[in-house]
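Only one structure is covered here, and it is reproduced in the block below.
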Amino acid sequence: MSVHSKLYEGKAKILYTTDDPEVLLADFKDDATAFNAQKRGSIIGKGEINCSISSQLFKQLEVYGIKTHFIDNPSPNQMRVKSVKILPLEVVVRNIAAGSLSQQTGLAVGTLLKQPLVEFYYKNDQLGDPLLTRDRLLLLELATVEQVDAITNLALQINEFLNGFWQQCGITLVDFKLEFGLDSQQQILLADEISPDTCRLWNTAEADPNRRIMDKDRFRRDLGNVEDAYQEVLQRVLQLVESK
Ligand code: C5P
């Protein structure tokens, strides 16, 4: 596979075109950003770790019946993916209150939600990725009614799978963000990544509210030991996958 030109550089990944117009190469970076890139830094080894975790999860999700953009890994921090048109939506699923949900509603961090909450945010850096209502989403024509319903169902199915997967790793899935894209046949594929950058993951066996955090909140909140936490998540994922 020969790699052509840089198509897009995001905060955590660079996308390259390849000789196959249906295939892109995603290069995962160690760069870390938070708060709409107001906080910048680097997490050593993050590119490889997030690429590995995402790849394992995409493979497992495919077996579970979810269509993803994942093809294979030419190298540890690279993923070949199906070319899709990314919908400008960040789809957040929450099982436990934390982050912006707690800040905006007053629900105490750690409150177990009676049912998973699916939220849509407008993927737009200039506007600061605002929370959308369904009607605003449709008003802006960011997706069709059918696509919103299909994505909501997919997000809930993915949550079902991930809850069980992380539980078997001794990790509690608090919340996470997904992105979806449309392929050349207008099929909806799960895209982007699923990693400690995009999920809140708490060590189930650890009661201390700071020590239990195994995700990007360690970077966002300057809690230290970021690399160790990411590495620990990867080890647990690999252990589980290899034991199957
Ligand atoms: O900040 P907030 O509580 O809304 O984040 C919810 C979830 O979505 C968290 O797991 C966070 O890591 C993820 N997220 C993300 N990228 C964003 C915003 C949130 O991965 N731009």
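Here, A, B, ... name the chains of the structure tokens in the order displayed, residue numbers run from 1 inside each chain, and ligands are numbered from 1 in the same displayed order.
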
Inset, instruction - Enumerate residues in contact with ligand 1: an atom-to-atom distance of at most 9 Å, counting only C-alpha atoms and all ligand atoms. Format the result as JSON, numbers by chain. - result: {"A": [34, 35, 36, 90, 91, 92, 93, 94, 97, 98, 99, 100, 101, 102, 103, 119, 121, 123, 125, 128, 129, 131, 173, 174, 175, 176, 177, 178, 193, 194, 195, 196, 197, 198, 199, 200, 201, 215, 216, 217]}

Legend entry - Neighbour list for A:Tyr64 as a list in words, cut-off 10 Å, only C-alpha atoms, skip fewer than 3 positions in-chain: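 The residues satisfying every condition are Phe58, Lys59, Gln60, Leu61, Lys67, Gln157, Ile158 and Phe161 of chain A.
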
Write to file, as an mmCIF file, in the first residue's frame, the residues of the selection just made, with N, CA and C atoms.
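Listing of part_14.cif after writing:
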data_model
loop_
_atom_site.group_PDB
_atom_site.id
_atom_site.type_symbol
_atom_site.label_atom_id
_atom_site.label_comp_id
_atom_site.auth_asym_id
_atom_site.auth_seq_id
_atom_site.Cartn_x
_atom_site.Cartn_y
_atom_site.Cartn_z
ATOM 1 N N PHE A 58 -12.802 -2.277 17.931
ATOM 2 C CA PHE A 58 -13.494 -2.321 16.631
ATOM 3 C C PHE A 58 -13.648 -3.768 16.161
ATOM 4 N N LYS A 59 -12.577 -4.576 16.321
ATOM 5 C CA LYS A 59 -12.653 -5.991 15.888
ATOM 6 C C LYS A 59 -13.750 -6.719 16.654
ATOM 7 N N GLN A 60 -13.790 -6.499 17.969
ATOM 8 C CA GLN A 60 -14.802 -7.158 18.803
ATOM 9 C C GLN A 60 -16.208 -6.670 18.444
ATOM 10 N N LEU A 61 -16.329 -5.369 18.172
ATOM 11 C CA LEU A 61 -17.639 -4.810 17.818
ATOM 12 C C LEU A 61 -18.133 -5.382 16.487
ATOM 13 N N LYS A 67 -21.047 -2.388 12.329
ATOM 14 C CA LYS A 67 -20.153 -2.086 11.200
ATOM 15 C C LYS A 67 -19.248 -0.907 11.560
ATOM 16 N N GLN A 157 -26.537 0.004 21.349
ATOM 17 C CA GLN A 157 -25.983 -1.353 21.176
ATOM 18 C C GLN A 157 -24.495 -1.381 21.515
ATOM 19 N N ILE A 158 -23.777 -0.356 21.051
ATOM 20 C CA ILE A 158 -22.331 -0.274 21.325
ATOM 21 C C ILE A 158 -22.114 -0.152 22.832
ATOM 22 N N PHE A 161 -22.450 -3.529 24.484
ATOM 23 C CA PHE A 161 -21.245 -4.335 24.297
ATOM 24 C C PHE A 161 -20.095 -3.817 25.166
#

Inset, instruction - Excluding A:Lys85 and any residue of its chain fewer than 2 positions from it, enumerate the residues within 10 Å of it, using only C-alpha atoms, and give them as a list in words. - result: Lys82, Ser83, Leu87, Pro88, Phe180, Gly181, Leu182, Asp183, Ser184, Gln186, Ile188, Leu189 and Ala191 of chain A

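By only C-alpha atoms, and with residues fewer than 3 positions from A:Ile71 along its chain excluded, the set lying at most 8 Å from it is Met79, Arg80, Val81 and Lys82 of chain A.
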
At most 10 Å is the cut-off: for each residue in stretch 68-183 of chain A with any atom that close to an atom of stretch 232-236 of chain A, write down the nearest atom pair and the distance in Å rounded to one decimal, counting only C-alpha atoms, chain first then increasing number, as a Markdown table.
| residue | atom | partner | partner_atom | distance |
| --- | --- | --- | --- | --- |
| A:Trp166 | CA | A:Arg236 | CA | 9.0 |
| A:Gln168 | CA | A:Arg236 | CA | 9.0 |
| A:Cys169 | CA | A:Arg236 | CA | 5.6 |
| A:Gly170 | CA | A:Arg236 | CA | 8.2 |
| A:Ile171 | CA | A:Val233 | CA | 8.5 |

Create the file for the chosen residues now, containing C-alpha atoms and written as a compact mmCIF listing (two decimals), in the first residue's frame.
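Heads up, here's the output in selection-v3.txt:
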# COMPACT_ATOMS: atom_id res chain seq x y z
CA TRP A 166 -14.93 -3.10 30.20
CA GLN A 168 -14.64 -8.00 32.27
CA CYS A 169 -11.49 -5.82 32.39
CA GLY A 170 -12.37 -4.68 35.93
CA ILE A 171 -13.20 -1.25 34.52

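Proximity to A:Arg212 was assessed for A:Ser243, A:Thr172, A:Ser54, A:Thr105 counting only C-alpha atoms; the smallest distance is recorded for A:Thr172.
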
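Atom CA of A:Lys244 lies 20.4 Å from atom CA of A:Phe70.
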
Legend entry - Test item, strand (DSSP E) assignment across stretch 23-218 of chain A, answer as a count of residues only: 69

Inset, instruction - Name the closest residue to A:Gln185 among the candidates A:Asp208, A:Val84, A:Val109, A:Arg218; distances are taken between atoms, counting only C-alpha atoms. - result: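 Nearest candidate to A:Gln185 out of A:Asp208, A:Val84, A:Val109, A:Arg218: A:Val84.
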